[in-house]
>>> print(open('protein-v4.txt').read())   # compact mmCIF, C-alpha atoms
# COMPACT_ATOMS: atom_id res chain seq x y z
CA MET C 135 13.74 20.99 20.11
CA ILE C 136 12.62 21.59 23.68
CA CYS C 137 12.64 25.29 24.40
CA VAL C 138 15.99 26.29 25.94
CA ASN C 139 17.86 29.55 26.11
CA GLU C 140 19.46 30.84 22.92
CA ASP C 141 23.04 30.19 24.13
CA ILE C 142 22.41 26.45 24.55
CA SER C 143 20.50 26.34 21.27
CA ASP C 144 23.46 27.95 19.47
CA ILE C 145 25.90 25.50 21.08
CA ARG C 146 23.75 22.56 20.03
CA GLU C 147 23.54 23.76 16.44
CA THR C 148 27.29 24.37 16.28
CA ILE C 149 28.05 20.85 17.53
CA LYS C 150 25.47 19.31 15.20
CA ARG C 151 26.94 21.03 12.13
CA LYS C 152 30.44 19.81 13.00
CA ILE C 153 29.25 16.23 13.43
CA LEU C 154 27.20 16.28 10.22
CA ASP C 155 30.28 17.50 8.36
CA GLU C 156 32.25 14.62 9.86
CA ILE C 157 29.57 12.12 8.84
CA GLU C 158 29.81 13.27 5.22
CA HIS C 159 33.43 12.10 5.18
CA ARG C 160 32.86 8.97 7.29
CA SER C 161 29.61 7.37 6.13
CA ASP C 162 30.40 4.10 7.97
CA LEU C 163 30.08 5.62 11.42
CA SER C 164 28.14 3.45 13.88
CA ASP C 165 25.76 4.76 16.52
CA GLN C 166 28.54 4.38 19.08
CA GLY C 167 30.87 6.33 16.81
CA ILE C 168 28.35 9.18 16.64
CA ILE C 169 28.05 9.21 20.43
CA GLU C 170 31.84 9.41 20.79
CA LEU C 171 31.95 12.37 18.39
CA ILE C 172 29.22 14.12 20.40
CA ASP C 173 31.07 13.48 23.65
CA ASN C 174 34.32 14.88 22.22
CA GLU C 175 32.59 18.03 20.99
CA ILE C 176 30.87 18.54 24.37
CA ILE C 177 34.25 18.22 26.11
CA MET C 178 35.67 20.89 23.77
CA MET C 179 32.62 23.05 24.37
CA ARG C 180 33.22 23.05 28.13
CA LYS C 181 36.41 25.02 27.55
CA THR C 182 34.44 27.98 26.17
CA ALA C 183 30.99 27.68 27.77
CA SER C 184 29.79 27.09 31.31
CA VAL C 185 27.25 24.26 31.06
CA GLY C 186 26.19 22.07 33.94
CA PHE C 187 26.25 18.26 34.03
CA LYS C 188 22.48 17.88 33.52
CA MET C 189 22.53 20.17 30.50
CA ARG C 190 25.51 18.31 28.99
CA LYS C 191 23.65 15.02 29.42
CA LYS C 192 20.57 16.53 27.83
CA LEU C 193 22.58 17.92 24.92
CA ARG C 194 24.17 14.52 24.32
CA ARG C 195 20.79 12.82 24.11
CA GLU C 196 19.16 15.51 21.95
CA LEU C 197 22.07 15.61 19.50
CA PHE C 198 22.08 11.85 19.04
CA TYR C 199 18.32 11.79 18.53
CA ALA C 200 18.55 14.64 16.00
CA ILE C 201 21.35 13.01 14.01
CA ARG C 202 20.52 9.32 14.09
CA LYS C 203 16.94 8.94 15.35
CA LEU C 204 13.63 10.77 14.96
CA ASP C 205 14.69 14.01 16.64
CA ILE C 206 12.28 15.14 19.40
CA LEU C 207 9.90 12.29 18.53
CA GLN C 208 12.40 9.76 19.80
CA GLU C 209 12.14 10.81 23.42
CA LEU C 210 8.33 10.84 23.23
CA LEU C 211 8.32 7.39 21.66
CA GLU C 212 10.57 6.07 24.41
CA THR C 213 8.21 7.28 27.13
CA PRO C 214 6.00 4.23 27.88
CA GLU C 215 3.09 6.22 29.36
CA ILE C 216 2.53 8.19 26.12
CA THR C 217 0.00 6.38 23.94
CA GLU C 218 -0.66 9.00 21.25
CA ILE C 219 1.41 11.78 19.70
CA MET C 220 -0.32 14.47 17.62
CA ILE C 221 1.88 16.89 15.65
CA ASN C 222 0.07 19.90 14.14
CA GLY C 223 2.92 21.63 12.34
CA THR C 224 6.28 22.39 13.91
CA ASP C 225 5.16 24.14 17.10
CA ASN C 226 1.91 22.49 18.19
CA ILE C 227 2.48 19.00 19.57
CA PHE C 228 -0.01 17.21 21.80
CA ILE C 229 0.34 13.92 23.65
CA GLU C 230 -2.10 11.49 25.23
CA ARG C 231 -1.06 10.06 28.58
CA ALA C 232 -3.42 7.91 30.68
CA GLY C 233 -6.32 8.98 28.48
CA ARG C 234 -5.65 12.73 28.91
CA ILE C 235 -4.49 14.98 26.08
CA THR C 236 -2.00 17.71 27.00
CA VAL C 237 0.26 20.17 25.19
CA CYS C 238 3.82 18.91 24.80
CA GLU C 239 6.78 21.12 25.71
CA TYR C 240 8.74 20.05 22.64
CA CYS C 241 8.75 21.67 19.21
CA PHE C 242 10.60 21.08 15.95
CA GLU C 243 13.31 23.61 15.16
CA SER C 244 12.04 24.04 11.59
CA ARG C 245 9.52 22.80 9.06
CA GLU C 246 12.40 21.25 7.10
CA LYS C 247 13.43 19.17 10.11
CA LEU C 248 9.90 17.87 10.57
CA LEU C 249 9.69 16.99 6.88
CA ASN C 250 13.02 15.17 7.13
CA VAL C 251 11.71 13.10 10.03
CA ILE C 252 8.55 12.32 8.03
CA GLN C 253 10.58 11.12 5.05
CA GLN C 254 12.68 8.96 7.35
CA ILE C 255 9.54 7.35 8.76
CA VAL C 256 7.96 6.55 5.40
CA ALA C 257 11.24 5.38 3.84
CA ASP C 258 11.74 2.84 6.64
CA CYS C 259 8.48 1.08 5.70
CA ASN C 260 8.74 1.56 1.92
CA ARG C 261 6.03 4.22 1.66
CA THR C 262 5.95 7.54 -0.19
CA VAL C 263 4.46 10.90 0.79
CA ASN C 264 4.80 14.24 -1.03
CA GLU C 265 2.67 17.07 -2.40
CA ALA C 266 1.44 14.85 -5.23
CA SER C 267 0.46 12.10 -2.76
CA PRO C 268 0.02 13.98 0.53
CA ILE C 269 -1.65 11.29 2.69
CA VAL C 270 -0.03 8.08 3.88
CA ASP C 271 -0.36 5.46 6.60
CA ALA C 272 2.91 4.04 7.88
CA ARG C 273 4.39 2.35 10.92
CA LEU C 274 7.49 2.63 13.05
CA ASN C 275 9.90 -0.17 13.87
CA ASN C 276 8.28 -0.56 17.29
CA GLY C 277 4.89 -1.20 15.66
CA ALA C 278 3.41 2.25 16.31
CA ARG C 279 0.86 3.36 13.72
CA VAL C 280 1.57 6.61 11.87
CA ASN C 281 -0.76 8.77 9.79
CA ILE C 282 0.77 11.67 7.83
CA VAL C 283 -0.98 14.49 5.98
CA LEU C 284 1.01 17.16 4.12
CA ASN C 285 0.27 20.40 2.30
CA PRO C 286 -1.75 21.25 0.28
CA VAL C 287 -4.31 19.05 2.08
CA ALA C 288 -3.21 20.04 5.58
CA LEU C 289 -3.31 23.83 5.70
CA ASN C 290 -1.43 24.03 9.00
CA GLY C 291 0.69 20.97 8.30
CA PRO C 292 2.63 18.82 8.20
CA ILE C 293 0.29 16.77 10.41
CA VAL C 294 1.58 13.57 12.00
CA THR C 295 -0.49 11.31 14.28
CA ILE C 296 1.23 8.41 16.01
CA ARG C 297 -0.58 5.76 18.02
CA ARG C 298 1.62 3.57 20.18
CA PHE C 299 0.82 0.02 21.19
CA PRO C 300 2.18 -1.87 24.20
CA GLU C 301 5.47 -3.65 23.56
CA GLU C 302 3.96 -6.76 25.13
CA PRO C 303 0.51 -7.49 23.66
CA ILE C 304 -2.37 -7.19 26.10
CA LYS C 305 -3.84 -10.53 27.13
CA MET C 306 -7.33 -11.50 28.23
CA ASP C 307 -6.23 -11.50 31.89
CA ASP C 308 -5.20 -7.85 31.49
CA LEU C 309 -8.63 -6.93 30.10
CA LEU C 310 -10.28 -8.76 32.99
CA ASN C 311 -8.13 -6.84 35.48
CA TYR C 312 -9.08 -3.57 33.76
CA GLY C 313 -12.76 -4.48 34.06
CA ALA C 314 -13.21 -4.41 30.27
CA LEU C 315 -15.32 -7.58 30.34
CA THR C 316 -16.49 -10.32 32.68
CA ASN C 317 -15.14 -13.84 33.17
CA GLU C 318 -18.27 -15.25 31.53
CA MET C 319 -17.66 -13.11 28.44
CA ALA C 320 -14.03 -14.22 28.26
CA VAL C 321 -14.92 -17.92 28.47
CA PHE C 322 -17.62 -17.52 25.81
CA LEU C 323 -15.23 -15.77 23.40
CA GLN C 324 -12.50 -18.33 24.01
CA GLN C 325 -14.89 -21.14 23.05
CA ALA C 326 -16.12 -19.19 20.01
CA VAL C 327 -12.56 -18.83 18.67
CA LEU C 328 -11.65 -22.45 19.41
CA GLN C 329 -14.81 -23.67 17.66
CA GLY C 330 -13.98 -21.67 14.53
CA GLU C 331 -16.77 -19.11 14.69
CA SER C 332 -16.16 -16.03 12.55
CA ILE C 333 -16.09 -12.83 14.60
CA ILE C 334 -16.41 -9.13 13.82
CA VAL C 335 -15.13 -6.69 16.45
CA SER C 336 -17.08 -3.44 16.17
CA GLY C 337 -16.61 -0.08 17.87
CA GLY C 338 -15.85 3.59 17.54
CA THR C 339 -12.47 5.28 17.15
CA GLY C 340 -10.18 4.54 20.08
CA SER C 341 -12.41 1.82 21.52
CA GLY C 342 -9.63 -0.78 21.35
CA LYS C 343 -10.69 -2.88 18.36
CA THR C 344 -7.17 -3.82 17.22
CA THR C 345 -6.11 -4.62 20.78
CA PHE C 346 -9.16 -6.84 21.23
CA LEU C 347 -8.45 -8.63 17.94
CA ASN C 348 -4.96 -9.38 19.26
CA VAL C 349 -6.44 -10.77 22.45
CA LEU C 350 -8.83 -13.06 20.57
CA SER C 351 -5.96 -14.34 18.43
CA ASN C 352 -4.37 -15.84 21.56
CA TYR C 353 -7.06 -18.53 21.48
CA ILE C 354 -6.35 -19.68 17.91
CA PRO C 355 -4.97 -23.25 17.92
CA VAL C 356 -1.21 -23.16 17.29
CA HIS C 357 -1.34 -25.76 14.48
CA GLU C 358 -3.44 -23.52 12.17
CA ARG C 359 -2.14 -21.42 9.28
CA ILE C 360 -3.11 -17.77 9.79
CA ILE C 361 -2.87 -14.90 7.30
CA THR C 362 -3.18 -11.32 8.53
CA ILE C 363 -4.03 -8.49 6.15
CA GLU C 364 -3.66 -4.83 7.12
CA ASP C 365 -3.23 -1.36 5.69
CA SER C 366 -0.38 -0.82 8.11
CA ALA C 367 0.80 -3.76 10.19
CA GLU C 368 -0.41 -3.34 13.79
CA LEU C 369 -1.50 -6.79 14.90
CA GLN C 370 0.85 -8.46 17.38
CA ILE C 371 -0.06 -12.10 17.02
CA ARG C 372 2.26 -14.36 18.98
CA GLY C 373 2.59 -18.11 19.33
CA ILE C 374 1.39 -19.06 15.82
CA PRO C 375 4.32 -20.66 13.93
CA ASN C 376 2.51 -20.79 10.57
CA LEU C 377 1.76 -17.05 10.35
CA VAL C 378 1.81 -14.94 7.17
CA LYS C 379 1.62 -11.13 7.49
CA LEU C 380 0.49 -9.12 4.46
CA GLU C 381 0.39 -5.33 4.14
CA THR C 382 -1.06 -3.04 1.48
CA ARG C 383 1.07 -0.80 -0.72
CA GLY C 384 0.25 2.50 -2.38
CA SER C 385 1.19 3.38 -5.94
CA ASN C 386 4.23 5.59 -6.46
CA ILE C 387 5.96 7.68 -9.10
CA GLU C 388 8.31 4.79 -9.89
CA GLY C 389 5.42 2.91 -11.48
CA CYS C 390 4.61 0.47 -8.67
CA ARG C 391 0.90 -0.22 -8.74
CA GLU C 392 -1.30 -0.04 -5.68
CA ILE C 393 -1.88 -3.26 -3.74
CA THR C 394 -5.17 -3.04 -1.85
CA ILE C 395 -6.72 -5.08 0.96
CA ARG C 396 -9.03 -6.53 -1.66
CA ASP C 397 -6.02 -7.72 -3.68
CA LEU C 398 -4.47 -9.27 -0.59
CA ILE C 399 -7.64 -11.13 0.43
CA LYS C 400 -7.87 -12.65 -3.05
CA THR C 401 -4.21 -13.66 -2.87
CA ALA C 402 -4.60 -15.04 0.64
CA LEU C 403 -7.29 -17.44 -0.55
CA ARG C 404 -4.62 -19.11 -2.73
CA MET C 405 -2.24 -19.51 0.22
CA ARG C 406 -4.15 -22.28 2.03
CA PRO C 407 -5.19 -20.30 5.11
CA ASP C 408 -7.18 -21.81 7.92
CA ARG C 409 -8.22 -18.33 9.03
CA ILE C 410 -7.87 -14.84 7.57
CA ILE C 411 -7.62 -11.88 9.92
CA VAL C 412 -8.23 -8.47 8.33
CA GLY C 413 -7.14 -5.58 10.54
CA GLU C 414 -10.04 -3.38 9.49
CA VAL C 415 -12.72 -3.48 6.81
CA ARG C 416 -13.74 -0.05 5.59
CA GLY C 417 -14.66 -0.42 1.91
CA VAL C 418 -15.29 -2.69 -1.04
CA GLU C 419 -13.05 -5.43 0.42
CA ALA C 420 -16.04 -6.37 2.60
CA ILE C 421 -17.43 -8.54 -0.20
CA ASP C 422 -14.17 -10.49 -0.47
CA LEU C 423 -13.97 -11.06 3.29
CA LEU C 424 -17.57 -12.31 3.33
CA GLN C 425 -16.85 -14.66 0.45
CA ALA C 426 -13.80 -15.99 2.29
CA MET C 427 -15.89 -16.58 5.41
CA ASN C 428 -18.42 -18.44 3.27
CA THR C 429 -15.91 -20.68 1.48
CA GLY C 430 -14.30 -22.77 4.20
CA HIS C 431 -12.35 -20.21 6.21
CA GLN C 432 -14.39 -20.35 9.38
CA GLY C 433 -12.93 -18.57 12.34
CA SER C 434 -11.82 -15.56 10.32
CA MET C 435 -11.94 -12.20 12.07
CA SER C 436 -11.91 -8.46 11.37
CA THR C 437 -12.88 -5.08 12.80
CA ILE C 438 -15.38 -2.48 11.58
CA HIS C 439 -16.09 1.07 12.76
CA ALA C 440 -19.67 1.24 14.08
CA ASN C 441 -21.57 2.58 17.08
CA SER C 442 -23.53 -0.62 17.76
CA ALA C 443 -23.77 -4.21 16.61
CA LYS C 444 -26.87 -3.36 14.57
CA ASP C 445 -25.13 -0.37 12.97
CA MET C 446 -22.22 -2.64 12.07
CA LEU C 447 -24.55 -4.84 10.01
CA GLY C 448 -25.85 -1.79 8.13
CA ARG C 449 -22.31 -0.56 7.44
CA LEU C 450 -21.26 -4.00 6.22
CA GLU C 451 -24.21 -4.16 3.83
CA THR C 452 -23.34 -0.71 2.46
CA MET C 453 -19.67 -1.63 1.96
CA VAL C 454 -20.60 -4.80 0.10
CA LEU C 455 -22.90 -2.78 -2.19
CA MET C 456 -19.96 -0.45 -2.91
CA GLY C 457 -18.05 -3.43 -4.30
CA MET C 458 -20.80 -5.37 -6.04
CA PRO C 459 -24.43 -4.41 -6.88
CA LEU C 460 -26.05 -7.48 -5.33
CA PRO C 461 -29.67 -7.72 -4.15
CA LEU C 462 -29.78 -6.62 -0.52
CA LEU C 463 -31.38 -9.89 0.59
CA ALA C 464 -28.52 -11.83 -1.00
CA ILE C 465 -26.01 -9.72 0.94
CA LYS C 466 -27.89 -10.34 4.19
CA LYS C 467 -27.81 -14.10 3.52
CA GLN C 468 -24.04 -13.91 2.97
CA ILE C 469 -23.61 -12.09 6.28
CA VAL C 470 -25.77 -14.57 8.19
CA SER C 471 -23.95 -17.50 6.64
CA GLY C 472 -20.43 -16.11 7.10
CA ILE C 473 -20.44 -14.31 10.46
CA GLN C 474 -21.50 -15.82 13.76
CA ILE C 475 -20.43 -13.38 16.49
CA VAL C 476 -20.34 -9.58 16.83
CA VAL C 477 -18.37 -8.03 19.70
CA GLN C 478 -19.27 -4.38 20.31
CA LEU C 479 -16.69 -2.25 22.13
CA GLY C 480 -17.06 1.24 23.55
CA ARG C 481 -14.95 3.97 25.09
CA LEU C 482 -16.71 5.49 28.08
CA SER C 483 -16.61 9.04 29.43
CA ASP C 484 -13.91 8.09 31.95
CA ASN C 485 -11.72 6.88 29.01
CA SER C 486 -12.14 3.23 30.01
CA ARG C 487 -12.77 0.71 27.23
CA LYS C 488 -15.38 -2.02 27.70
CA VAL C 489 -17.15 -4.80 25.87
CA LEU C 490 -20.66 -3.40 25.62
CA GLU C 491 -22.30 -6.33 23.86
CA ILE C 492 -21.61 -9.78 22.49
CA ALA C 493 -24.28 -10.82 20.02
CA ARG C 494 -24.90 -13.85 17.84
CA ILE C 495 -26.30 -13.55 14.32
CA VAL C 496 -29.13 -16.09 14.27
CA GLY C 497 -30.89 -15.61 10.93
CA ILE C 498 -33.21 -13.45 8.84
CA GLU C 499 -36.77 -12.53 9.69
CA GLU C 500 -38.92 -10.29 7.49
CA ASP C 501 -35.83 -9.48 5.38
CA GLU C 502 -33.88 -8.22 8.42
CA ILE C 503 -30.89 -9.84 10.11
CA VAL C 504 -31.72 -10.95 13.64
CA LEU C 505 -29.18 -10.41 16.41
CA GLU C 506 -29.42 -12.29 19.71
CA SER C 507 -27.62 -10.59 22.60
CA ILE C 508 -25.59 -13.12 24.58
CA PHE C 509 -24.12 -10.44 26.88
CA LYS C 510 -25.07 -6.78 27.08
CA VAL C 511 -23.89 -4.12 29.49
CA LYS C 512 -26.61 -1.92 30.96
CA MET C 513 -25.57 1.73 30.62
>>> encode(input="protein-v4.txt", output="structure tokens")
Amino acid sequence: MICVNEDISDIRETIKRKILDEIEHRSDLSDQGIIELIDNEIIMMRKTASVGFKMRKKLRRELFYAIRKLDILQELLETPEITEIMINGTDNIFIERAGRITVCEYCFESREKLLNVIQQIVADCNRTVNEASPIVDARLNNGARVNIVLNPVALNGPIVTIRRFPEEPIKMDDLLNYGALTNEMAVFLQQAVLQGESIIVSGGTGSGKTTFLNVLSNYIPVHERIITIEDSAELQIRGIPNLVKLETRGSNIEGCREITIRDLIKTALRMRPDRIIVGEVRGVEAIDLLQAMNTGHQGSMSTIHANSAKDMLGRLETMVLMGMPLPLLAIKKQIVSGIQIVVQLGRLSDNSRKVLEIARIVGIEEDEIVLESIFKVKM
């Protein structure tokens, strides 16, 4: 917990033990019931300890978070300005606020408590993480993305990285106000989505690819049937009644087999989609997405990690080769036929995110894919 003097820490632990003992005998206690128990114990505590009003209020909140929520994480998650939480073991916690990373004043009281919080997170989204399977991607109820790495992979673990997304999805007007792109770019992209052109959003880590994919989805006609496919559900698509959301699943010790993005794309093709939106392509599923884009699912979209639009094409070719040993020229023809627009995003030195280039794939010349820049920011 947040560092306080030992007397308060002892009081908190005493109250917590009493309430946990009570919960064992009254498993039907509601959140309000827990709060009432905490309040009663704090009232009793005041007879033996001199604790001010602010500290009592703080104790009440911390105890409730520790018993029913995600302990110290809960307060961080409820702070809107915090966009990223990085936990390196029990004592080293960092947060990102307004693009700046700082050390957090909170710490977990023990490794066991941190592990309990981790198990609570993965259980809520039907995932598993342990020493036998020490890496997992998960999500919180508020849509925040969680990556967890345990020992023996993480030597100073457990390591937890949480990326928060706005409760209300960012819209194109917001991006325009932030200066992320121009009005001309926005109009062009709106028309591209409405006309059913397939789009790849490319960029480095933290450049805002998922956010931008959400923004583009606002232009999809409401009568279409959309299927989203993600490792961990992050997309916040609103206003589409006929929306299907699919999420991958890892294998577990209970015998459940792994369900990959590749499996989900193949299944989605049997679900009569107008468009398929894949949160991120990073492996052999690239071939299946390209085939979907080439078989009547125009207007499909995805994101790919790459430093430029040209680099994105090279990465896509490599990922397709990982899944199927096709002639390189055949892969290039599939790309040219299936994808029309590449949007390249970047995160600048001042932590702002911008559209650096919008390019159209126009064909193949001398066995190389030709990109035509429609918009390009001069750096």
>>> residues_around(input="protein-v4.txt", residues="Glu230 of chain C", least_positions_apart="3", cutoff="6 Å", atoms="only C-alpha atoms", output="list of chain:residue names")
C:Ile216, C:Thr217, C:Glu218, C:Gly233, C:Arg234, C:Ile235
>>> residues_around(input="protein-v4.txt", residues="Val378 of chain C", least_positions_apart="4", cutoff="8 Å", atoms="all atoms listed in the file", output="PDB file with C-alpha atoms, in the frame of the given file")
ATOM      1  CA  ARG C 359      -2.140 -21.420   9.280  1.00  0.00           C
ATOM      2  CA  ILE C 360      -3.110 -17.770   9.790  1.00  0.00           C
ATOM      3  CA  ILE C 361      -2.870 -14.900   7.300  1.00  0.00           C
ATOM      4  CA  THR C 362      -3.180 -11.320   8.530  1.00  0.00           C
TER       5      THR C 362
END
>>> residues_around(input="protein-v4.txt", residues="Ala288 of chain C", least_positions_apart="6", cutoff="12 Å", atoms="only C-alpha atoms", output="compact mmCIF listing (two decimals) with C-alpha atoms, keeping the file's coordinate frame")
# COMPACT_ATOMS: atom_id res chain seq x y z
CA ILE C 221 1.88 16.89 15.65
CA ASN C 222 0.07 19.90 14.14
CA GLY C 223 2.92 21.63 12.34
CA ASN C 264 4.80 14.24 -1.03
CA GLU C 265 2.67 17.07 -2.40
CA PRO C 268 0.02 13.98 0.53
CA ILE C 269 -1.65 11.29 2.69
CA ILE C 282 0.77 11.67 7.83
CA VAL C 294 1.58 13.57 12.00
>>> residues_around(input="protein-v4.txt", residues="Gln468 of chain C", least_positions_apart="4", cutoff="9 Å", atoms="only C-alpha atoms", output="PyMOL selection string")
chain C and resi 424-425+427-428+463-464+472-473
>>> residues_around(input="protein-v4.txt", residues="Thr382 of chain C", least_positions_apart="2", cutoff="8 Å", atoms="only C-alpha atoms", output="NGL selection string")
:C and (363-366 or 380 or 384 or 392-395 or 398)
>>> write_last_selection(input="protein-v4.txt", atoms="C-alpha atoms", output="tab-separated table (two decimals), in the coordinates of the input")
chain	number	residue	atom	x	y	z
C	363	ILE	CA	-4.03	-8.49	6.15
C	364	GLU	CA	-3.66	-4.83	7.12
C	365	ASP	CA	-3.23	-1.36	5.69
C	366	SER	CA	-0.38	-0.82	8.11
C	380	LEU	CA	0.49	-9.12	4.46
C	384	GLY	CA	0.25	2.50	-2.38
C	392	GLU	CA	-1.30	-0.04	-5.68
C	393	ILE	CA	-1.88	-3.26	-3.74
C	394	THR	CA	-5.17	-3.04	-1.85
C	395	ILE	CA	-6.72	-5.08	0.96
C	398	LEU	CA	-4.47	-9.27	-0.59
>>> atom_distance(input="protein-v4.txt", atom1="atom CA of Thr437 of chain C", atom2="atom CA of Leu423 of chain C")
11.3 Å
>>> closest_residue(input="protein-v4.txt", among="C:Thr295, C:Ser434, C:Asn276, C:Thr316", to="Leu350 of chain C", atoms="all atoms listed in the file")
C:Ser434
>>> residues_near_point(input="protein-v4.txt", point="(10.3, 7.7, 22.5)", cutoff="12 Å", atoms="all atoms listed in the file", output="number ranges by chain")
C: 195-196, 199, 203-219, 229, 274-276, 278, 296-298
>>> atom_distance(input="protein-v4.txt", atom1="atom CA of Asn250 of chain C", atom2="atom CA of Pro292 of chain C")
11.1 Å
>>> closest_residue(input="protein-v4.txt", among="C:Leu289, C:Met319, C:Met306, C:Cys390", to="Ile492 of chain C", atoms="only C-alpha atoms")
C:Met319
>>> atom_distance(input="protein-v4.txt", atom1="atom CA of Gln324 of chain C", atom2="atom CA of Ile465 of chain C")
28.1 Å
>>> closest_residue(input="protein-v4.txt", among="C:Met405, C:Leu323, C:Ile374, C:Ala420", to="Phe509 of chain C", atoms="all atoms listed in the file")
C:Leu323
>>> closest_residue(input="protein-v4.txt", among="C:Asp225, C:Glu302, C:Glu491, C:Glu499", to="Glu243 of chain C", atoms="all atoms listed in the file")
C:Asp225
>>> closest_residue(input="protein-v4.txt", among="C:Phe346, C:Ile334, C:Val418, C:Asp501", to="His439 of chain C", atoms="all atoms listed in the file")
C:Ile334
>>> axis_aligned_box(input="protein-v4.txt", around="segment 290-301 of chain C", padding_each_side="4 Å", output="JSON")
{"center_x": 2.0, "center_y": 10.2, "center_z": 16.2, "size_x": 14.9, "size_y": 35.7, "size_z": 24.0}
>>> decode(input="protein-v4.txt", residues="segment 273-289 of chain C", atoms="N, CA and C atoms", output="PDB file, in the first residue's frame")
ATOM      1  N   ARG C 273      -7.465  -8.283 -20.144  1.00  0.00           N
ATOM      2  CA  ARG C 273      -8.087  -6.959 -20.135  1.00  0.00           C
ATOM      3  C   ARG C 273      -8.891  -6.801 -18.852  1.00  0.00           C
ATOM      4  N   LEU C 274      -9.100  -5.568 -18.478  1.00  0.00           N
ATOM      5  CA  LEU C 274      -9.925  -5.260 -17.319  1.00  0.00           C
ATOM      6  C   LEU C 274     -11.352  -4.953 -17.772  1.00  0.00           C
ATOM      7  N   ASN C 275     -12.254  -4.887 -16.807  1.00  0.00           N
ATOM      8  CA  ASN C 275     -13.654  -4.625 -17.141  1.00  0.00           C
ATOM      9  C   ASN C 275     -13.844  -3.275 -17.821  1.00  0.00           C
ATOM     10  N   ASN C 276     -12.954  -2.329 -17.551  1.00  0.00           N
ATOM     11  CA  ASN C 276     -13.074  -1.006 -18.173  1.00  0.00           C
ATOM     12  C   ASN C 276     -12.422  -0.941 -19.549  1.00  0.00           C
ATOM     13  N   GLY C 277     -11.944  -2.094 -20.050  1.00  0.00           N
ATOM     14  CA  GLY C 277     -11.345  -2.156 -21.381  1.00  0.00           C
ATOM     15  C   GLY C 277      -9.855  -1.956 -21.417  1.00  0.00           C
ATOM     16  N   ALA C 278      -9.228  -1.682 -20.270  1.00  0.00           N
ATOM     17  CA  ALA C 278      -7.777  -1.491 -20.240  1.00  0.00           C
ATOM     18  C   ALA C 278      -7.060  -2.781 -20.629  1.00  0.00           C
ATOM     19  N   ARG C 279      -5.970  -2.631 -21.383  1.00  0.00           N
ATOM     20  CA  ARG C 279      -5.187  -3.785 -21.827  1.00  0.00           C
ATOM     21  C   ARG C 279      -4.135  -4.127 -20.781  1.00  0.00           C
ATOM     22  N   VAL C 280      -3.987  -5.419 -20.503  1.00  0.00           N
ATOM     23  CA  VAL C 280      -3.049  -5.874 -19.472  1.00  0.00           C
ATOM     24  C   VAL C 280      -2.107  -6.915 -20.066  1.00  0.00           C
ATOM     25  N   ASN C 281      -0.808  -6.725 -19.831  1.00  0.00           N
ATOM     26  CA  ASN C 281       0.182  -7.744 -20.159  1.00  0.00           C
ATOM     27  C   ASN C 281       0.864  -8.167 -18.869  1.00  0.00           C
ATOM     28  N   ILE C 282       0.973  -9.482 -18.649  1.00  0.00           N
ATOM     29  CA  ILE C 282       1.539 -10.027 -17.412  1.00  0.00           C
ATOM     30  C   ILE C 282       2.665 -10.991 -17.749  1.00  0.00           C
ATOM     31  N   VAL C 283       3.784 -10.848 -17.055  1.00  0.00           N
ATOM     32  CA  VAL C 283       4.910 -11.777 -17.201  1.00  0.00           C
ATOM     33  C   VAL C 283       5.366 -12.179 -15.800  1.00  0.00           C
ATOM     34  N   LEU C 284       5.407 -13.491 -15.550  1.00  0.00           N
ATOM     35  CA  LEU C 284       5.786 -14.007 -14.232  1.00  0.00           C
ATOM     36  C   LEU C 284       7.153 -14.684 -14.275  1.00  0.00           C
ATOM     37  N   ASN C 285       7.663 -15.011 -13.082  1.00  0.00           N
ATOM     38  CA  ASN C 285       8.834 -15.879 -12.996  1.00  0.00           C
ATOM     39  C   ASN C 285       8.477 -17.226 -13.620  1.00  0.00           C
ATOM     40  N   PRO C 286       9.423 -17.945 -14.221  1.00  0.00           N
ATOM     41  CA  PRO C 286      10.857 -17.660 -14.254  1.00  0.00           C
ATOM     42  C   PRO C 286      11.295 -16.752 -15.413  1.00  0.00           C
ATOM     43  N   VAL C 287      10.334 -16.304 -16.243  1.00  0.00           N
ATOM     44  CA  VAL C 287      10.700 -15.445 -17.370  1.00  0.00           C
ATOM     45  C   VAL C 287      11.109 -14.061 -16.883  1.00  0.00           C
ATOM     46  N   ALA C 288      10.324 -13.495 -15.984  1.00  0.00           N
ATOM     47  CA  ALA C 288      10.621 -12.169 -15.445  1.00  0.00           C
ATOM     48  C   ALA C 288      11.438 -12.316 -14.164  1.00  0.00           C
ATOM     49  N   LEU C 289      12.717 -11.994 -14.234  1.00  0.00           N
ATOM     50  CA  LEU C 289      13.613 -12.222 -13.103  1.00  0.00           C
ATOM     51  C   LEU C 289      13.305 -11.317 -11.923  1.00  0.00           C
TER      52      LEU C 289
END
